[in-house]
$ cat final.cif   # mmCIF, C-alpha atoms
data_query
loop_
_atom_site.label_atom_id
_atom_site.label_comp_id
_atom_site.auth_asym_id
_atom_site.auth_seq_id
_atom_site.Cartn_x
_atom_site.Cartn_y
_atom_site.Cartn_z
CA MET A 1 147.49 68.40 51.88
CA ILE A 2 144.91 68.71 54.62
CA PRO A 3 142.99 71.99 54.54
CA ASP A 4 144.17 74.50 57.15
CA GLN A 5 140.65 74.80 58.56
CA VAL A 6 140.53 71.05 59.28
CA LEU A 7 144.05 70.68 60.71
CA PRO A 8 143.18 71.49 64.34
CA PHE A 9 140.58 68.70 64.33
CA VAL A 10 142.82 65.87 63.03
CA CYS A 11 145.62 63.93 64.69
CA LEU A 12 148.46 64.39 62.21
CA PRO A 13 150.17 60.92 62.42
CA HIS A 14 146.86 59.16 61.77
CA PHE A 15 146.10 61.56 58.94
CA GLN A 16 149.46 60.87 57.24
CA ARG A 17 148.64 57.13 57.12
CA PHE A 18 145.11 57.98 55.90
CA GLU A 19 146.39 60.33 53.18
CA SER A 20 148.54 57.58 51.65
CA CYS A 21 145.35 55.56 51.04
CA LEU A 22 143.60 58.28 49.07
CA SER A 23 143.02 57.49 45.43
CA SER A 24 145.17 59.48 43.06
CA SER A 25 142.97 58.28 40.18
CA SER A 26 139.75 59.60 41.70
CA LEU A 27 137.71 62.13 39.76
CA PHE A 28 138.03 64.33 42.85
CA SER A 29 141.22 66.03 43.96
CA VAL A 30 142.88 64.95 47.17
CA ASP A 31 141.67 68.14 48.84
CA ASP A 32 138.08 67.45 47.74
CA GLN A 33 138.27 63.85 49.00
CA ILE A 34 139.51 65.12 52.36
CA ARG A 35 136.73 67.70 52.58
CA GLN A 36 134.12 65.03 51.93
CA ILE A 37 135.42 63.10 54.94
CA PHE A 38 136.33 66.10 57.11
CA PRO A 39 133.78 68.84 56.35
CA LEU A 40 134.54 72.34 57.52
CA PRO A 41 133.13 73.33 60.91
CA SER A 42 129.58 74.67 60.60
CA ASN A 43 130.64 78.17 61.65
CA LYS A 44 132.87 78.30 58.55
CA MET A 45 130.10 77.43 56.12
CA PRO A 46 128.46 80.27 54.20
CA SER A 47 125.03 81.04 55.69
CA GLY A 48 123.72 83.53 53.13
CA VAL A 49 124.48 85.98 50.38
CA ALA A 50 126.63 88.95 51.39
CA GLN A 51 124.77 92.25 51.04
CA ARG A 52 127.03 95.16 50.17
CA PRO A 53 126.05 98.85 50.12
CA LEU A 54 124.67 98.94 46.56
CA ALA A 55 122.50 95.85 47.07
CA VAL A 56 121.18 97.19 50.37
CA ALA A 57 120.46 100.61 48.84
CA GLN A 58 118.50 99.15 45.93
CA ALA A 59 116.53 96.60 47.96
CA PRO A 60 112.84 97.07 48.77
CA LEU A 61 111.57 97.38 52.31
CA PRO A 62 109.71 94.32 53.63
CA ASP A 63 105.95 94.41 54.06
CA VAL A 64 104.80 95.31 57.56
CA LEU A 65 102.55 92.93 59.47
CA VAL A 66 99.40 94.53 60.89
CA GLY A 67 97.68 92.90 63.83
CA ASN A 68 93.98 92.14 64.16
CA HIS A 69 93.80 94.88 66.77
CA HIS A 70 95.11 98.30 65.77
CA THR A 71 94.28 101.99 65.72
CA LYS A 72 91.47 102.96 63.35
CA SER A 73 90.94 106.73 63.55
CA SER A 74 92.59 109.48 61.51
CA ALA A 75 95.56 111.16 63.18
CA LEU A 76 95.71 114.18 60.86
CA HIS A 77 95.99 117.41 62.85
CA ASN A 78 93.78 120.38 62.10
CA ILE A 79 96.58 122.14 60.25
CA HIS A 80 96.49 123.04 56.57
CA PHE A 81 99.34 124.17 54.36
CA VAL A 82 98.28 127.49 52.80
CA GLY A 83 101.53 128.60 51.16
CA THR A 84 102.74 128.05 47.62
CA ILE A 85 103.02 124.36 46.78
CA SER A 86 104.55 122.78 43.69
CA PRO A 87 105.45 119.25 42.50
CA TRP A 88 109.11 118.24 42.80
CA THR A 89 108.96 117.18 39.18
CA ASN A 90 112.50 115.86 38.72
CA PHE A 91 112.82 114.15 42.08
CA GLU A 92 113.22 110.55 40.91
CA ASN A 93 115.54 111.59 38.08
CA ASP A 94 117.63 113.52 40.60
CA VAL A 95 117.79 110.46 42.86
CA HIS A 96 118.80 108.24 39.95
CA SER A 97 121.54 110.64 38.84
CA PHE A 98 122.85 110.99 42.39
CA CYS A 99 123.05 107.22 42.95
CA ALA A 100 124.55 106.60 39.51
CA GLY A 101 127.30 109.07 40.41
CA ILE A 102 128.43 107.05 43.44
CA ASN A 103 131.37 104.73 42.83
CA TRP A 104 129.74 101.75 44.51
CA ALA A 105 132.55 99.41 43.44
CA GLN A 106 134.86 100.92 46.04
CA TYR A 107 132.44 100.11 48.86
CA THR A 108 132.83 96.36 49.31
CA HIS A 109 131.87 96.33 52.99
CA VAL A 110 129.46 93.55 53.92
CA LEU A 111 126.53 95.18 55.74
CA THR A 112 124.50 92.02 56.31
CA TYR A 113 123.70 88.59 54.88
CA LYS A 114 120.51 87.54 53.14
CA GLY A 115 119.24 83.99 53.21
CA LYS A 116 119.69 82.08 49.97
CA THR A 117 116.03 81.12 50.15
CA SER A 118 113.23 83.18 51.67
CA LYS A 119 111.87 81.71 54.89
CA PRO A 120 109.16 83.16 57.15
CA TRP A 121 111.63 83.40 60.03
CA ASN A 122 114.28 85.35 58.09
CA LEU A 123 115.04 88.62 59.84
CA ASP A 124 114.92 90.55 56.58
CA GLN A 125 111.16 90.03 56.83
CA ASP A 126 108.80 91.56 59.39
CA GLN A 127 108.14 89.27 62.35
CA THR A 128 105.77 91.07 64.74
CA ASP A 129 102.32 92.62 64.38
CA THR A 130 102.02 96.39 64.25
CA GLY A 131 99.17 98.15 66.02
CA ASP A 132 99.82 101.87 66.22
CA GLU A 133 101.92 104.79 65.02
CA ALA A 134 104.71 104.31 67.56
CA ALA A 135 105.17 100.68 66.51
CA LEU A 136 105.18 101.66 62.84
CA GLN A 137 107.88 104.25 63.51
CA GLY A 138 109.97 101.49 65.04
CA LYS A 139 109.57 99.37 61.91
CA PHE A 140 110.50 102.37 59.76
CA ARG A 141 113.67 103.00 61.74
CA ALA A 142 114.62 99.31 61.59
CA HIS A 143 113.97 98.71 57.89
CA LEU A 144 114.84 102.17 56.54
CA GLY A 145 116.80 104.17 59.10
CA GLU A 146 119.32 101.49 60.06
CA PRO A 147 120.31 100.45 56.49
CA VAL A 148 120.45 104.04 55.19
CA THR A 149 122.54 105.13 58.17
CA ALA A 150 124.92 102.19 57.66
CA ILE A 151 125.40 103.18 54.01
CA CYS A 152 126.00 106.78 55.06
CA THR A 153 128.70 105.60 57.46
CA VAL A 154 130.42 103.46 54.82
CA THR A 155 130.35 106.25 52.22
CA GLY A 156 131.69 108.88 54.61
CA ARG A 157 128.46 110.77 55.25
CA HIS A 158 128.20 111.12 59.01
CA ALA A 159 124.42 111.27 59.03
CA GLN A 160 121.55 109.29 60.49
CA VAL A 161 117.85 108.83 59.78
CA THR A 162 116.64 108.47 63.35
CA ASP A 163 114.39 109.77 66.13
CA PHE A 164 113.95 113.51 66.48
CA ARG A 165 114.69 113.11 70.20
CA ALA A 166 118.17 111.82 69.30
CA THR A 167 119.18 115.28 68.06
CA ASP A 168 120.46 118.15 70.21
CA VAL A 169 117.34 120.25 69.52
CA VAL A 170 114.88 121.16 72.26
CA PRO A 171 111.27 120.88 71.00
CA ILE A 172 109.73 124.26 70.21
CA ASP A 173 106.13 125.11 71.17
CA ARG A 174 105.45 121.43 71.95
CA SER A 175 105.91 120.71 68.24
CA THR A 176 107.93 117.50 68.12
CA PRO A 177 108.58 115.72 64.81
CA ASP A 178 108.69 111.93 64.89
CA LEU A 179 111.83 111.45 62.83
CA ALA A 180 114.88 113.39 61.81
CA ILE A 181 117.92 113.54 59.61
CA LYS A 182 120.83 114.44 61.83
CA VAL A 183 124.42 115.18 60.90
CA GLY A 184 126.58 114.67 63.95
CA ASP A 185 124.18 115.95 66.60
CA THR A 186 122.82 118.71 64.37
CA LEU A 187 119.29 118.62 62.99
CA ALA A 188 119.31 118.68 59.17
CA GLY A 189 115.79 117.47 58.30
CA VAL A 190 112.52 116.43 59.93
CA GLY A 191 109.98 113.69 59.28
CA LYS A 192 106.42 112.81 60.21
CA ALA A 193 104.88 109.33 60.27
CA LYS A 194 101.26 108.18 60.09
CA VAL A 195 99.87 104.65 59.90
CA PHE A 196 99.02 103.41 56.41
CA TRP A 197 95.88 101.44 57.23
CA VAL A 198 93.75 104.56 57.83
CA ARG A 199 92.26 105.81 54.56
CA ASP A 200 92.74 109.52 55.37
CA HIS A 201 96.48 108.90 55.59
CA HIS A 202 96.88 107.42 52.08
CA LEU A 203 99.41 109.54 50.19
CA GLY A 204 98.58 108.25 46.73
CA HIS A 205 94.99 109.31 47.31
CA ALA A 206 96.07 112.70 48.67
CA SER A 207 98.51 113.55 45.87
CA GLY A 208 95.65 113.63 43.37
CA LYS A 209 93.54 116.00 45.48
CA ILE A 210 95.36 119.23 46.24
CA LEU A 211 93.11 120.33 49.13
CA HIS A 212 93.53 117.01 50.91
CA LEU A 213 97.27 117.09 50.18
CA ARG A 214 97.49 120.50 51.86
CA HIS A 215 95.85 118.95 54.92
CA VAL A 216 98.14 115.90 54.93
CA LEU A 217 101.28 118.05 54.61
CA GLY A 218 100.22 120.78 57.04
CA GLN A 219 101.91 119.31 60.12
CA ILE A 220 105.24 118.48 58.49
CA ALA A 221 105.31 121.84 56.67
CA LEU A 222 104.89 123.53 60.05
CA TYR A 223 107.74 121.49 61.54
CA MET A 224 110.03 122.34 58.63
CA LYS A 225 109.38 126.04 59.16
CA ILE A 226 109.68 125.97 62.96
CA TYR A 227 113.02 124.14 62.86
CA LYS A 228 114.30 126.04 59.80
CA VAL A 229 115.30 122.97 57.80
CA LYS A 230 115.22 122.72 54.02
CA CYS A 231 114.37 119.01 53.81
CA GLY A 232 111.56 116.93 55.21
CA PHE A 233 109.45 113.86 54.56
CA HIS A 234 106.03 112.47 55.40
CA THR A 235 105.74 108.68 55.54
CA THR A 236 103.16 105.99 56.17
CA TYR A 237 105.89 103.35 55.70
CA LYS A 238 104.08 102.06 52.61
CA GLU A 239 104.35 105.46 50.92
CA THR A 240 106.67 108.41 51.45
CA ILE A 241 106.51 111.96 50.11
CA PHE A 242 109.78 113.91 50.07
CA LEU A 243 109.76 117.65 50.65
CA LYS A 244 111.97 120.69 50.38
CA GLN A 245 111.25 124.35 51.03
CA GLU A 246 113.11 126.87 48.90
CA ARG A 247 113.01 130.60 48.39
CA THR A 248 112.20 131.72 44.86
CA SER A 249 111.86 135.17 43.29
CA SER A 250 108.18 135.16 44.24
CA GLY A 251 108.60 133.81 47.78
CA TRP A 252 108.91 130.51 49.59
CA VAL A 253 107.70 127.33 47.91
CA LEU A 254 107.10 123.85 49.32
CA TYR A 255 108.08 121.21 46.75
CA TYR A 256 106.69 117.68 47.08
CA SER A 257 107.60 114.44 45.32
CA ASP A 258 105.25 111.78 44.06
CA PRO A 259 104.72 109.10 46.72
CA ILE A 260 107.54 106.53 46.67
CA GLN A 261 106.43 102.99 47.50
CA HIS A 262 108.13 100.99 50.24
CA ASP A 263 108.64 98.01 47.93
CA ALA A 264 110.17 99.98 45.04
CA ILE A 265 113.39 98.38 43.76
CA GLY A 266 116.36 100.38 42.52
CA ASP A 267 117.45 99.45 39.00
CA ARG A 268 120.00 101.54 37.15
CA SER A 269 119.15 99.90 33.83
CA ASN A 270 115.62 101.30 33.74
CA GLY A 271 115.98 104.31 36.02
CA THR A 272 113.73 103.13 38.85
CA VAL A 273 114.76 104.08 42.39
CA SER A 274 114.17 102.48 45.77
CA LEU A 275 112.96 104.19 48.92
CA ARG A 276 116.41 103.82 50.51
CA GLU A 277 118.04 105.47 47.49
CA CYS A 278 115.58 108.36 47.82
CA PHE A 279 116.61 108.83 51.43
CA LEU A 280 120.31 108.71 50.55
CA TYR A 281 119.65 111.54 48.11
CA LEU A 282 117.62 113.54 50.65
CA VAL A 283 120.36 113.09 53.25
CA ASP A 284 122.91 114.41 50.76
CA GLU A 285 120.67 117.42 50.04
CA ALA A 286 120.29 118.04 53.77
CA ILE A 287 124.05 117.88 54.31
CA LYS A 288 124.73 120.35 51.50
CA SER A 289 121.99 122.80 52.45
CA PRO A 290 120.41 122.11 55.83
CA VAL A 291 118.99 125.54 56.69
CA ALA A 292 115.89 127.26 55.31
CA ASP A 293 115.18 130.48 57.21
CA ASN A 294 111.58 130.68 56.09
CA ASN A 295 109.82 133.82 57.35
CA GLU A 296 106.70 133.41 55.21
CA LEU A 297 103.65 134.57 57.18
CA GLN A 298 101.09 132.62 55.15
CA TRP A 299 102.46 129.09 55.52
CA VAL A 300 100.05 127.02 57.61
CA SER A 301 96.64 127.67 59.11
CA PRO A 302 94.30 125.92 61.56
CA ASP A 303 91.53 123.92 59.97
CA ARG A 304 88.73 126.34 59.10
CA HIS A 305 86.09 123.68 58.41
#
$ encode --input "final.cif" --output "structure tokens"
Amino acid sequence: MIPDQVLPFVCLPHFQRFESCLSSSSLFSVDDQIRQIFPLPSNKMPSGVAQRPLAVAQAPLPDVLVGNHHTKSSALHNIHFVGTISPWTNFENDVHSFCAGINWAQYTHVLTYKGKTSKPWNLDQDQTDTGDEAALQGKFRAHLGEPVTAICTVTGRHAQVTDFRATDVVPIDRSTPDLAIKVGDTLAGVGKAKVFWVRDHHLGHASGKILHLRHVLGQIALYMKIYKVKCGFHTTYKETIFLKQERTSSGWVLYYSDPIQHDAIGDRSNGTVSLRECFLYLVDEAIKSPVADNNELQWVSPDRH
């Protein structure tokens, strides 16, 4: 019989005469012969591969295009972290365990479609040049914040990775983070962004030099204390360091992860994690324990150089 999708486009009496002429001995079924003559409307044809929550979570972020004209100077503030600092040694293992514990099979929602072949105009690739920090923040929200927030919605976590200004918090002492984790309208984490093309901002370089790392993390550490949140992050888009402040028996400690690359791919078979998976884990940590009432006096200091 004629496929249901084709029926509205065919005059039935003419089709009945046509159907009687179809070859019953053909290698193709009657339905296949009909489809060769009456293809489905173009809006019914598959245009890409469905991307469900697990695939989106494990996918890398696209490279960001940088224009010929862009900012060139360091944007690090004259703030140094002077408190106790320690590596978040099990961070990637914690992320892997968290993601492995999610029953992804129950989340079959299609979040987007990916082209079967990669083309320069595909919207899963960056399309416009980036010239400054504000533009880079927009790329970060588009390629990281939107997908992570969509996965949070699907999995029942009512959280967003978004602008700080989108929360219900009034900036304190003119200290305004760039980004935030918000649950409902409540602030649960803060983030700071810097451009990656300035050498002073490189996180891989900073993580090997503790004094420079204290300078790089000074501003975000201050924001985390001011807004009394446990979780934070510092990103250049290409690299992201994840942070948490916790009280120990000897006082407050700022824990920092190794830099996670934007193009990292999640793979449960070998334990590697993607940047989006890291954020899903941080969001979960922020939901479970958003507040850190840090009263440490020696936390940050103006640059003394």
$ atom_distance --input "final.cif" --atom1 "CA of Glu296 in chain A" --atom2 "CA of Gly189 in chain A"
18.6 Å
$ closest_residue --input "final.cif" --among "A:Ser257, A:Asn294, A:Thr71, A:Thr108" --to "Val154 in chain A" --atoms "all atoms listed in the file"
A:Thr108
$ atom_distance --input "final.cif" --atom1 "CA of Glu133 in chain A" --atom2 "CA of His80 in chain A"
20.8 Å
$ atom_distance --input "final.cif" --atom1 "CA of Val56 in chain A" --atom2 "CA of Leu217 in chain A"
29.1 Å
$ residues_around --input "final.cif" --residues "Thr117 in chain A" --least-positions-apart "3" --cutoff "12 Å" --atoms "all atoms listed in the file" --output "compact mmCIF listing (two decimals) with C-alpha atoms, keeping the file's coordinate frame"
# COMPACT_ATOMS: atom_id res chain seq x y z
CA SER A 47 125.03 81.04 55.69
CA GLY A 48 123.72 83.53 53.13
CA VAL A 49 124.48 85.98 50.38
CA TYR A 113 123.70 88.59 54.88
CA LYS A 114 120.51 87.54 53.14
CA PRO A 120 109.16 83.16 57.15
CA TRP A 121 111.63 83.40 60.03
CA ASN A 122 114.28 85.35 58.09
CA ASP A 124 114.92 90.55 56.58
$ closest_residue --input "final.cif" --among "A:Glu285, A:Ala166, A:Ala57, A:Arg174" --to "Trp104 in chain A" --atoms "all atoms listed in the file"
A:Ala57
$ residues_around --input "final.cif" --residues "range 267-281 of chain A" --least-positions-apart "5" --cutoff "10 Å" --atoms "only C-alpha atoms" --output "PyMOL selection string"
chain A and resi 54+56-61+91-100+143-145+147-149+151-152+157+159+161+181+233+237-240+242+259-262+286-287
$ resolve_selection --input "final.cif" --expression "the PyMOL selection byres ((chain A and resi 176) around 10)" --output "list of chain:residue names"
A:Phe164, A:Arg165, A:Val169, A:Val170, A:Pro171, A:Ile172, A:Asp173, A:Arg174, A:Ser175, A:Pro177, A:Asp178, A:Leu179, A:Val190, A:Gly191, A:Lys192, A:Tyr223, A:Tyr227
